[in-house]
>>> print(open('coords.pdb').read())   # PDB, C-alpha atoms
ATOM      1  CA  MET V   1    -138.394 -59.744-171.759
ATOM      2  CA  ILE V   2    -134.773 -60.808-172.095
ATOM      3  CA  SER V   3    -132.366 -59.137-169.692
ATOM      4  CA  PRO V   4    -130.229 -56.121-170.652
ATOM      5  CA  THR V   5    -127.177 -58.389-170.437
ATOM      6  CA  ALA V   6    -128.675 -60.824-172.954
ATOM      7  CA  GLU V   7    -129.632 -57.984-175.278
ATOM      8  CA  TYR V   8    -126.122 -56.494-175.033
ATOM      9  CA  ALA V   9    -124.597 -59.904-175.772
ATOM     10  CA  LEU V  10    -126.757 -60.197-178.882
ATOM     11  CA  ARG V  11    -125.747 -56.728-180.047
ATOM     12  CA  ALA V  12    -122.081 -57.607-179.482
ATOM     13  CA  VAL V  13    -122.290 -60.875-181.415
ATOM     14  CA  VAL V  14    -124.111 -59.153-184.279
ATOM     15  CA  ALA V  15    -121.470 -56.405-184.351
ATOM     16  CA  ILE V  16    -118.663 -58.984-184.429
ATOM     17  CA  ALA V  17    -120.444 -60.940-187.163
ATOM     18  CA  GLN V  18    -120.899 -57.736-189.180
ATOM     19  CA  ALA V  19    -117.128 -57.282-189.230
ATOM     20  CA  GLY V  20    -117.106 -60.322-191.518
ATOM     21  CA  GLY V  21    -114.101 -62.152-190.097
ATOM     22  CA  ASP V  22    -111.999 -59.084-189.266
ATOM     23  CA  ALA V  23    -111.099 -58.818-185.581
ATOM     24  CA  ILE V  24    -112.919 -55.970-183.896
ATOM     25  CA  VAL V  25    -111.753 -54.361-180.656
ATOM     26  CA  THR V  26    -113.918 -53.637-177.622
ATOM     27  CA  PRO V  27    -114.015 -49.821-178.027
ATOM     28  CA  ASN V  28    -115.298 -50.214-181.595
ATOM     29  CA  ILE V  29    -117.888 -52.806-180.529
ATOM     30  CA  ALA V  30    -118.940 -50.377-177.787
ATOM     31  CA  VAL V  31    -119.528 -47.607-180.341
ATOM     32  CA  THR V  32    -121.523 -49.854-182.663
ATOM     33  CA  THR V  33    -123.617 -51.482-179.955
ATOM     34  CA  LYS V  34    -123.969 -48.421-177.697
ATOM     35  CA  VAL V  35    -123.118 -50.626-174.714
ATOM     36  CA  PRO V  36    -120.910 -49.076-171.981
ATOM     37  CA  ALA V  37    -117.356 -50.357-172.569
ATOM     38  CA  GLY V  38    -116.855 -51.787-169.052
ATOM     39  CA  TYR V  39    -120.121 -53.713-169.143
ATOM     40  CA  LEU V  40    -119.380 -54.847-172.682
ATOM     41  CA  ALA V  41    -115.947 -56.160-171.694
ATOM     42  CA  LYS V  42    -117.555 -58.466-169.110
ATOM     43  CA  VAL V  43    -120.196 -59.653-171.568
ATOM     44  CA  LEU V  44    -117.484 -60.405-174.147
ATOM     45  CA  GLN V  45    -115.512 -62.439-171.601
ATOM     46  CA  THR V  46    -118.630 -64.494-170.843
ATOM     47  CA  LEU V  47    -119.172 -65.069-174.562
ATOM     48  CA  ARG V  48    -115.521 -66.106-174.923
ATOM     49  CA  LYS V  49    -115.784 -68.593-172.047
ATOM     50  CA  ALA V  50    -118.935 -70.011-173.644
ATOM     51  CA  GLY V  51    -116.981 -70.625-176.857
ATOM     52  CA  LEU V  52    -118.974 -68.197-178.982
ATOM     53  CA  VAL V  53    -116.244 -65.651-179.648
ATOM     54  CA  ASP V  54    -112.467 -65.778-179.875
ATOM     55  CA  SER V  55    -110.160 -62.998-178.809
ATOM     56  CA  LYS V  56    -106.628 -62.155-179.820
ATOM     57  CA  ARG V  57    -104.438 -59.588-178.083
ATOM     58  CA  GLY V  58    -102.089 -57.082-179.687
ATOM     59  CA  LEU V  59    -101.929 -55.301-183.022
ATOM     60  CA  GLY V  60    -104.631 -56.583-185.367
ATOM     61  CA  GLY V  61    -106.222 -58.326-182.402
ATOM     62  CA  GLY V  62    -109.780 -58.137-181.168
ATOM     63  CA  PHE V  63    -112.862 -60.311-181.217
ATOM     64  CA  THR V  64    -114.051 -62.652-183.930
ATOM     65  CA  LEU V  65    -116.826 -65.241-183.947
ATOM     66  CA  ALA V  66    -115.604 -68.678-182.865
ATOM     67  CA  LYS V  67    -118.046 -70.360-185.296
ATOM     68  CA  PRO V  68    -119.663 -69.316-188.574
ATOM     69  CA  ALA V  69    -122.580 -66.916-188.022
ATOM     70  CA  ASP V  70    -124.991 -69.456-189.514
ATOM     71  CA  LYS V  71    -124.033 -71.934-186.779
ATOM     72  CA  VAL V  72    -124.812 -69.570-183.900
ATOM     73  CA  SER V  73    -128.442 -69.071-182.894
ATOM     74  CA  VAL V  74    -129.961 -66.237-180.915
ATOM     75  CA  LEU V  75    -130.663 -68.835-178.226
ATOM     76  CA  ASP V  76    -126.968 -69.837-178.069
ATOM     77  CA  VAL V  77    -126.069 -66.236-177.234
ATOM     78  CA  VAL V  78    -128.885 -65.745-174.709
ATOM     79  CA  LYS V  79    -128.058 -69.069-173.028
ATOM     80  CA  ALA V  80    -124.377 -68.147-172.761
ATOM     81  CA  VAL V  81    -125.019 -65.020-170.707
ATOM     82  CA  GLU V  82    -128.413 -65.403-169.047
ATOM     83  CA  PRO V  83    -130.484 -68.470-169.886
ATOM     84  CA  ILE V  84    -134.258 -68.178-169.945
ATOM     85  CA  LYS V  85    -135.403 -69.557-166.602
ATOM     86  CA  ARG V  86    -137.742 -72.432-167.401
ATOM     87  CA  ILE V  87    -140.196 -73.533-164.709
ATOM     88  CA  GLU V  88    -139.193 -77.079-163.862
ATOM     89  CA  GLN V  89    -140.971 -77.444-160.563
ATOM     90  CA  CYS V  90    -143.633 -75.684-158.543
ATOM     91  CA  PRO V  91    -142.289 -72.184-157.717
ATOM     92  CA  LEU V  92    -144.463 -72.237-154.593
ATOM     93  CA  ASP V  93    -142.614 -75.304-153.302
ATOM     94  CA  ILE V  94    -145.903 -77.117-152.884
ATOM     95  CA  GLU V  95    -144.724 -80.624-152.055
ATOM     96  CA  THR V  96    -147.683 -82.376-153.633
ATOM     97  CA  HIS V  97    -147.006 -80.562-156.925
ATOM     98  CA  GLY V  98    -143.261 -81.116-157.302
ATOM     99  CA  THR V  99    -142.516 -81.438-161.019
ATOM    100  CA  ASN V 100    -146.225 -81.937-161.839
ATOM    101  CA  LEU V 101    -146.777 -78.271-162.556
ATOM    102  CA  CYS V 102    -150.162 -76.703-161.931
ATOM    103  CA  PRO V 103    -151.892 -75.303-165.037
ATOM    104  CA  LEU V 104    -150.759 -71.742-164.263
ATOM    105  CA  HIS V 105    -147.073 -72.603-164.192
ATOM    106  CA  LYS V 106    -147.447 -75.111-167.004
ATOM    107  CA  ARG V 107    -148.876 -72.400-169.285
ATOM    108  CA  LEU V 108    -146.215 -69.892-168.270
ATOM    109  CA  ASP V 109    -143.499 -72.446-168.975
ATOM    110  CA  GLU V 110    -145.044 -73.248-172.363
ATOM    111  CA  ALA V 111    -144.742 -69.576-173.279
ATOM    112  CA  TYR V 112    -141.093 -69.601-172.222
ATOM    113  CA  GLU V 113    -140.531 -72.728-174.302
ATOM    114  CA  LEU V 114    -142.012 -70.933-177.320
ATOM    115  CA  VAL V 115    -139.546 -68.103-176.828
ATOM    116  CA  GLU V 116    -136.664 -70.583-176.628
ATOM    117  CA  GLN V 117    -137.857 -72.279-179.821
ATOM    118  CA  THR V 118    -138.154 -68.932-181.610
ATOM    119  CA  PHE V 119    -134.679 -67.916-180.523
ATOM    120  CA  ALA V 120    -133.269 -71.322-181.476
ATOM    121  CA  SER V 121    -134.714 -71.006-184.976
ATOM    122  CA  VAL V 122    -132.882 -67.759-185.820
ATOM    123  CA  THR V 123    -129.174 -67.670-186.570
ATOM    124  CA  ILE V 124    -126.953 -64.628-186.306
ATOM    125  CA  ALA V 125    -126.317 -64.942-190.055
ATOM    126  CA  GLU V 126    -130.043 -64.553-190.702
ATOM    127  CA  LEU V 127    -130.085 -61.316-188.720
ATOM    128  CA  LEU V 128    -127.439 -59.865-191.044
ATOM    129  CA  ASP V 129    -129.141 -60.888-194.241
ATOM    130  CA  VAL V 130    -132.623 -59.384-194.370
ATOM    131  CA  PRO V 131    -133.134 -57.291-197.532
ATOM    132  CA  GLY V 132    -135.023 -54.043-197.074
ATOM    133  CA  ARG V 133    -134.656 -53.853-193.311
ATOM    134  CA  SER V 134    -132.416 -51.552-191.301
ATOM    135  CA  THR V 135    -128.848 -52.803-190.984
ATOM    136  CA  PRO V 136    -128.475 -54.389-187.551
ATOM    137  CA  LEU V 137    -126.953 -51.946-185.106
ATOM    138  CA  CYS V 138    -124.839 -49.845-187.452
ATOM    139  CA  GLN V 139    -125.368 -46.279-188.538
ATOM    140  CA  LYS V 140    -123.890 -45.549-191.932
ATOM    141  CA  ASP V 141    -121.328 -43.054-190.596
ATOM    142  CA  GLN V 142    -120.245 -45.546-187.933
ATOM    143  CA  VAL V 143    -119.753 -48.264-190.541
ATOM    144  CA  ILE V 144    -117.560 -45.894-192.543
ATOM    145  CA  ALA V 145    -115.605 -44.905-189.439
ATOM    146  CA  LEU V 146    -114.983 -48.506-188.384
ATOM    147  CA  ASN V 147    -114.175 -50.062-191.736
ATOM    148  CA  PRO V 148    -111.799 -48.884-194.454
ATOM    149  CA  PRO V 149    -113.580 -48.179-197.781
ATOM    150  CA  SER V 150    -112.207 -51.364-199.356
ATOM    151  CA  SER V 151    -114.048 -53.582-196.852
ATOM    152  CA  GLU V 152    -117.363 -51.772-197.082
ATOM    153  CA  THR V 153    -118.757 -54.272-199.523
ATOM    154  CA  GLN V 154    -118.898 -57.111-196.972
TER     155      GLN V 154
ATOM    156  CA  MET I   1    -139.471 -64.309-167.990
ATOM    157  CA  ILE I   2    -142.399 -62.435-166.488
ATOM    158  CA  SER I   3    -141.575 -60.330-163.435
ATOM    159  CA  PRO I   4    -142.148 -61.545-159.873
ATOM    160  CA  THR I   5    -144.917 -58.935-159.581
ATOM    161  CA  ALA I   6    -146.729 -60.342-162.624
ATOM    162  CA  GLU I   7    -146.361 -63.888-161.324
ATOM    163  CA  TYR I   8    -147.696 -62.853-157.904
ATOM    164  CA  ALA I   9    -150.647 -61.098-159.548
ATOM    165  CA  LEU I  10    -151.459 -64.277-161.464
ATOM    166  CA  ARG I  11    -151.277 -66.370-158.314
ATOM    167  CA  ALA I  12    -153.563 -63.886-156.543
ATOM    168  CA  VAL I  13    -156.155 -63.872-159.324
ATOM    169  CA  VAL I  14    -156.108 -67.675-159.479
ATOM    170  CA  ALA I  15    -156.558 -67.877-155.700
ATOM    171  CA  ILE I  16    -159.485 -65.441-155.831
ATOM    172  CA  ALA I  17    -161.050 -67.362-158.728
ATOM    173  CA  GLN I  18    -160.626 -70.629-156.801
ATOM    174  CA  ALA I  19    -162.798 -69.213-154.012
ATOM    175  CA  GLY I  20    -165.630 -69.473-156.521
ATOM    176  CA  GLY I  21    -167.399 -66.185-155.803
ATOM    177  CA  ASP I  22    -166.773 -66.081-152.040
ATOM    178  CA  ALA I  23    -164.837 -63.029-150.916
ATOM    179  CA  ILE I  24    -161.331 -63.926-149.782
ATOM    180  CA  VAL I  25    -159.220 -61.720-147.508
ATOM    181  CA  THR I  26    -155.596 -60.729-148.088
ATOM    182  CA  PRO I  27    -154.093 -62.924-145.302
ATOM    183  CA  ASN I  28    -155.783 -65.993-146.776
ATOM    184  CA  ILE I  29    -154.669 -65.104-150.316
ATOM    185  CA  ALA I  30    -151.149 -64.649-148.894
ATOM    186  CA  VAL I  31    -151.200 -68.184-147.428
ATOM    187  CA  THR I  32    -152.497 -69.749-150.646
ATOM    188  CA  THR I  33    -150.180 -67.847-152.971
ATOM    189  CA  LYS I  34    -147.131 -67.778-150.671
ATOM    190  CA  VAL I  35    -146.703 -64.085-151.496
ATOM    191  CA  PRO I  36    -145.578 -61.771-148.644
ATOM    192  CA  ALA I  37    -148.735 -60.019-147.351
ATOM    193  CA  GLY I  38    -147.404 -56.450-147.757
ATOM    194  CA  TYR I  39    -146.315 -57.053-151.339
ATOM    195  CA  LEU I  40    -149.575 -58.853-152.052
ATOM    196  CA  ALA I  41    -151.653 -55.945-150.733
ATOM    197  CA  LYS I  42    -150.004 -53.612-153.258
ATOM    198  CA  VAL I  43    -150.515 -56.080-156.104
ATOM    199  CA  LEU I  44    -154.193 -56.465-155.161
ATOM    200  CA  GLN I  45    -154.680 -52.688-155.180
ATOM    201  CA  THR I  46    -153.180 -52.514-158.673
ATOM    202  CA  LEU I  47    -155.515 -55.290-159.817
ATOM    203  CA  ARG I  48    -158.454 -53.436-158.274
ATOM    204  CA  LYS I  49    -157.554 -50.188-160.039
ATOM    205  CA  ALA I  50    -157.284 -52.119-163.304
ATOM    206  CA  GLY I  51    -160.834 -53.384-162.803
ATOM    207  CA  LEU I  52    -159.901 -57.041-162.481
ATOM    208  CA  VAL I  53    -160.871 -57.557-158.836
ATOM    209  CA  ASP I  54    -163.401 -55.980-156.505
ATOM    210  CA  SER I  55    -162.877 -55.482-152.800
ATOM    211  CA  LYS I  56    -165.349 -55.067-149.967
ATOM    212  CA  ARG I  57    -164.434 -54.028-146.442
ATOM    213  CA  GLY I  58    -165.784 -55.383-143.177
ATOM    214  CA  LEU I  59    -167.236 -58.706-142.049
ATOM    215  CA  GLY I  60    -167.670 -61.058-144.997
ATOM    216  CA  GLY I  61    -165.540 -58.687-147.065
ATOM    217  CA  GLY I  62    -162.461 -59.428-149.104
ATOM    218  CA  PHE I  63    -161.567 -59.797-152.761
ATOM    219  CA  THR I  64    -163.661 -61.258-155.565
ATOM    220  CA  LEU I  65    -163.125 -61.260-159.314
ATOM    221  CA  ALA I  66    -164.708 -58.250-161.009
ATOM    222  CA  LYS I  67    -165.526 -60.355-164.097
ATOM    223  CA  PRO I  68    -166.205 -64.063-164.668
ATOM    224  CA  ALA I  69    -162.970 -66.104-164.701
ATOM    225  CA  ASP I  70    -163.582 -67.082-168.329
ATOM    226  CA  LYS I  71    -163.507 -63.401-169.312
ATOM    227  CA  VAL I  72    -160.101 -62.713-167.760
ATOM    228  CA  SER I  73    -156.991 -63.803-169.644
ATOM    229  CA  VAL I  74    -153.505 -64.349-168.301
ATOM    230  CA  LEU I  75    -152.490 -61.380-170.469
ATOM    231  CA  ASP I  76    -155.117 -59.135-168.799
ATOM    232  CA  VAL I  77    -153.513 -59.838-165.433
ATOM    233  CA  VAL I  78    -149.931 -59.411-166.633
ATOM    234  CA  LYS I  79    -150.838 -56.168-168.457
ATOM    235  CA  ALA I  80    -152.518 -54.771-165.339
ATOM    236  CA  VAL I  81    -149.394 -54.993-163.215
ATOM    237  CA  GLU I  82    -146.400 -55.083-165.536
ATOM    238  CA  PRO I  83    -147.027 -55.162-169.281
ATOM    239  CA  ILE I  84    -144.603 -57.028-171.506
ATOM    240  CA  LYS I  85    -142.348 -54.350-172.961
ATOM    241  CA  ARG I  86    -142.702 -54.623-176.722
ATOM    242  CA  ILE I  87    -139.937 -53.148-178.882
ATOM    243  CA  GLU I  88    -141.578 -50.352-180.834
ATOM    244  CA  GLN I  89    -138.517 -48.486-181.931
ATOM    245  CA  CYS I  90    -134.772 -49.013-182.151
ATOM    246  CA  PRO I  91    -133.494 -49.449-178.557
ATOM    247  CA  LEU I  92    -130.151 -48.049-179.714
ATOM    248  CA  ASP I  93    -131.819 -44.771-180.719
ATOM    249  CA  ILE I  94    -130.328 -45.044-184.177
ATOM    250  CA  GLU I  95    -132.065 -42.208-185.984
ATOM    251  CA  THR I  96    -132.050 -43.894-189.364
ATOM    252  CA  HIS I  97    -133.814 -46.936-187.874
ATOM    253  CA  GLY I  98    -136.618 -45.291-185.913
ATOM    254  CA  THR I  99    -139.629 -47.590-186.010
ATOM    255  CA  ASN I 100    -138.107 -49.636-188.875
ATOM    256  CA  LEU I 101    -136.593 -52.206-186.524
ATOM    257  CA  CYS I 102    -133.415 -53.993-187.465
ATOM    258  CA  PRO I 103    -133.730 -57.794-187.839
ATOM    259  CA  LEU I 104    -132.334 -58.404-184.329
ATOM    260  CA  HIS I 105    -134.946 -56.291-182.580
ATOM    261  CA  LYS I 106    -137.665 -57.380-184.990
ATOM    262  CA  ARG I 107    -137.048 -61.033-184.090
ATOM    263  CA  LEU I 108    -136.918 -60.292-180.374
ATOM    264  CA  ASP I 109    -140.182 -58.382-180.606
ATOM    265  CA  GLU I 110    -141.785 -61.242-182.546
ATOM    266  CA  ALA I 111    -140.936 -63.566-179.662
ATOM    267  CA  TYR I 112    -142.514 -61.123-177.208
ATOM    268  CA  GLU I 113    -145.606 -60.953-179.412
ATOM    269  CA  LEU I 114    -145.831 -64.761-179.312
ATOM    270  CA  VAL I 115    -145.785 -64.638-175.524
ATOM    271  CA  GLU I 116    -148.538 -62.017-175.517
ATOM    272  CA  GLN I 117    -150.629 -64.149-177.875
ATOM    273  CA  THR I 118    -150.121 -67.236-175.721
ATOM    274  CA  PHE I 119    -151.099 -65.354-172.581
ATOM    275  CA  ALA I 120    -154.112 -63.807-174.334
ATOM    276  CA  SER I 121    -155.339 -67.258-175.370
ATOM    277  CA  VAL I 122    -155.565 -68.625-171.818
ATOM    278  CA  THR I 123    -158.299 -67.578-169.410
ATOM    279  CA  ILE I 124    -158.127 -67.856-165.653
ATOM    280  CA  ALA I 125    -161.099 -70.251-165.837
ATOM    281  CA  GLU I 126    -159.036 -72.584-168.021
ATOM    282  CA  LEU I 127    -156.295 -72.662-165.408
ATOM    283  CA  LEU I 128    -158.772 -73.940-162.826
ATOM    284  CA  ASP I 129    -160.242 -76.617-165.013
ATOM    285  CA  VAL I 130    -157.520 -78.993-166.151
ATOM    286  CA  PRO I 131    -158.301 -82.599-165.222
ATOM    287  CA  GLY I 132    -155.399 -84.652-163.948
ATOM    288  CA  ARG I 133    -153.130 -81.728-163.198
ATOM    289  CA  SER I 134    -152.147 -80.306-159.814
ATOM    290  CA  THR I 135    -154.702 -77.877-158.394
ATOM    291  CA  PRO I 136    -153.415 -74.366-159.031
ATOM    292  CA  LEU I 137    -151.642 -73.011-155.977
ATOM    293  CA  CYS I 138    -153.502 -74.858-153.220
ATOM    294  CA  GLN I 139    -152.233 -77.621-150.996
ATOM    295  CA  LYS I 140    -154.983 -79.888-149.781
ATOM    296  CA  ASP I 141    -154.534 -78.921-146.109
ATOM    297  CA  GLN I 142    -154.633 -75.233-147.011
ATOM    298  CA  VAL I 143    -157.872 -75.706-148.940
ATOM    299  CA  ILE I 144    -159.375 -77.384-145.886
ATOM    300  CA  ALA I 145    -158.116 -74.615-143.607
ATOM    301  CA  LEU I 146    -159.474 -71.828-145.792
ATOM    302  CA  ASN I 147    -162.844 -73.263-146.733
ATOM    303  CA  PRO I 148    -165.515 -74.918-144.602
ATOM    304  CA  PRO I 149    -166.068 -78.609-145.491
ATOM    305  CA  SER I 150    -169.367 -77.831-147.251
ATOM    306  CA  SER I 151    -167.628 -75.690-149.861
ATOM    307  CA  GLU I 152    -164.856 -78.161-150.602
ATOM    308  CA  THR I 153    -166.609 -79.515-153.641
ATOM    309  CA  GLN I 154    -166.235 -76.280-155.683
TER     310      GLN I 154
END
>>> encode(input="coords.pdb", output="C-alpha cells")
Amino acid sequence: MISPTAEYALRAVVAIAQAGGDAIVTPNIAVTTKVPAGYLAKVLQTLRKAGLVDSKRGLGGGFTLAKPADKVSVLDVVKAVEPIKRIEQCPLDIETHGTNLCPLHKRLDEAYELVEQTFASVTIAELLDVPGRSTPLCQKDQVIALNPPSSETQ
Amino acid sequence: MISPTAEYALRAVVAIAQAGGDAIVTPNIAVTTKVPAGYLAKVLQTLRKAGLVDSKRGLGGGFTLAKPADKVSVLDVVKAVEPIKRIEQCPLDIETHGTNLCPLHKRLDEAYELVEQTFASVTIAELLDVPGRSTPLCQKDQVIALNPPSSETQ
C-alpha cells in the first residue's frame, strides 16, 4: 500500500543504519537494497533534504544516518518521500460536506490513520534488532562483500 | 492509500445501497459518485462479476446490490476490484529470506493487515446509518433529482 518510492526509501535507511555509523556509498546501498542506482540517488537526496541522512563526498564519504536509528520512525521515512494522503475533506467536493466527512471517507481515513500510527510506533533501530528473523535486506555474502571482516560483528 | 478504482467502487456500491432496493442506472450512479461514466461502467462490471451487484437491462433496469448491505463489507468491495497487496515473501527476492520476512517487510505487512481488518469490520449498511454525519456521497439537490419525492424518506 505504500508507494515503491517509500519502500525504497525505507530499504535505503535500513541499509544505512545497518552500516552502524560507517559511511556507505550509493552503489553499495543499491546492491543491498536492490534499488536501481539512479532511482536510489534521487531517493537519497530527498532523505538528505528531509534531514534524515547526511552525505559526505570524497574518500571515506557516503551516507550516514543524521540521527540515531532509535530516533527515526518508519513514518518519518515515509513522510519524507511520499506522505500517506489523509482524507481531510470530501474527495467528491460536495460543498455541504466540506471537512465533515461522510462515513465512507471517515472510515477510510481512520484506516489510514491506523497505518500512520503503526508506522510511527516502529523505529529503524527496532527493525535491525529482531532476534530469530531474517536480517533486514542483506544476504550473508553481500554483508561480507560490503564490510571488512573486522566490522562484521556490528 | 487505496487505489482510485477501489475508491470509485466503494462510492458506486454506496450509491447503489442508498437507492434502497430500487435499480439505479449508470448515468445516475455517475452523477452521485462523480466518477466518469466510462470508468464507472468498467468498475460496475467488475463488481457484477464478483457477485456484489446485479444488473438488469431495459426499462426499470439498472444496478442493485446482490446481497443485503449489511452482508457486504468495505473489504469485499476493495477485494473485488483491487485487493490490498499483502507481502507474502521477500520483495527483494533474497533467497535466504523467502517467506520468513525481514522485520521491515513484516511490519509493513502488519500495517496492511490492520487495514484489511478495519475494512472487513465495516459493512456498507453501517456507512449509510451514521446519525449526525454527512450523507454518503449525495448532495441534497442530487437526491431530489434522482428520486421522486415519495421515496425521499428512505
>>> residues_around(input="coords.pdb", residues="Arg48 in chain I", least_positions_apart="6", cutoff="12 Å", atoms="all atoms listed in the file", output="PyMOL selection string")
chain I and resi 9+12-13+41-42+54-56+62-67+77+80-81
>>> write_last_selection(input="coords.pdb", atoms="C-alpha atoms", output="short mmCIF file (atom, residue, chain, number, x, y, z; two decimals), keeping the file's coordinate frame")
data_model
loop_
_atom_site.label_atom_id
_atom_site.label_comp_id
_atom_site.auth_asym_id
_atom_site.auth_seq_id
_atom_site.Cartn_x
_atom_site.Cartn_y
_atom_site.Cartn_z
CA ALA I 9 -150.65 -61.10 -159.55
CA ALA I 12 -153.56 -63.89 -156.54
CA VAL I 13 -156.16 -63.87 -159.32
CA ALA I 41 -151.65 -55.94 -150.73
CA LYS I 42 -150.00 -53.61 -153.26
CA ASP I 54 -163.40 -55.98 -156.50
CA SER I 55 -162.88 -55.48 -152.80
CA LYS I 56 -165.35 -55.07 -149.97
CA GLY I 62 -162.46 -59.43 -149.10
CA PHE I 63 -161.57 -59.80 -152.76
CA THR I 64 -163.66 -61.26 -155.56
CA LEU I 65 -163.12 -61.26 -159.31
CA ALA I 66 -164.71 -58.25 -161.01
CA LYS I 67 -165.53 -60.36 -164.10
CA VAL I 77 -153.51 -59.84 -165.43
CA ALA I 80 -152.52 -54.77 -165.34
CA VAL I 81 -149.39 -54.99 -163.22
#
>>> residues_near_point(input="coords.pdb", point="(-137.3, -62.9, -168.1)", cutoff="12 Å", atoms="all atoms listed in the file", output="ChimeraX atom specification")
/V:1-7,78,82-87,108-109,111-112,115-116 /I:1-4,6-7,84-85,112,115
>>> atom_distance(input="coords.pdb", atom1="CA of Asn28 in chain I", atom2="CA of Ala120 in chain I")
27.7 Å
>>> axis_aligned_box(input="coords.pdb", around="range 16-21 of chain V", padding_each_side="5 Å", output="lines of an AutoDock Vina configuration file")
center_x = -117.5
center_y = -59.7
center_z = -188.0
size_x = 16.8
size_y = 14.9
size_z = 17.1
>>> resolve_selection(input="coords.pdb", expression="the PyMOL selection byres ((chain V and resi 27) around 10)", output="PyMOL selection string")
chain V and resi 24-26+28-33+35-38+40-41+62
>>> closest_residue(input="coords.pdb", among="I:Thr118, I:Thr99, I:Ser73, I:Thr46", to="chain V", atoms="only C-alpha atoms")
I:Thr118
>>> atom_distance(input="coords.pdb", atom1="CA of Thr123 in chain V", atom2="CA of His105 in chain V")
29.1 Å
>>> atom_distance(input="coords.pdb", atom1="CA of Lys79 in chain I", atom2="CA of Ala19 in chain I")
22.8 Å
>>> closest_residue(input="coords.pdb", among="I:Pro103, I:Gly51, I:Gly61, I:Gly21", to="chain V", atoms="only C-alpha atoms")
I:Pro103
>>> closest_residue(input="coords.pdb", among="V:Ala23, V:Arg11, V:Gln117, V:Ala17", to="Arg57 in chain V", atoms="all atoms listed in the file")
V:Ala23
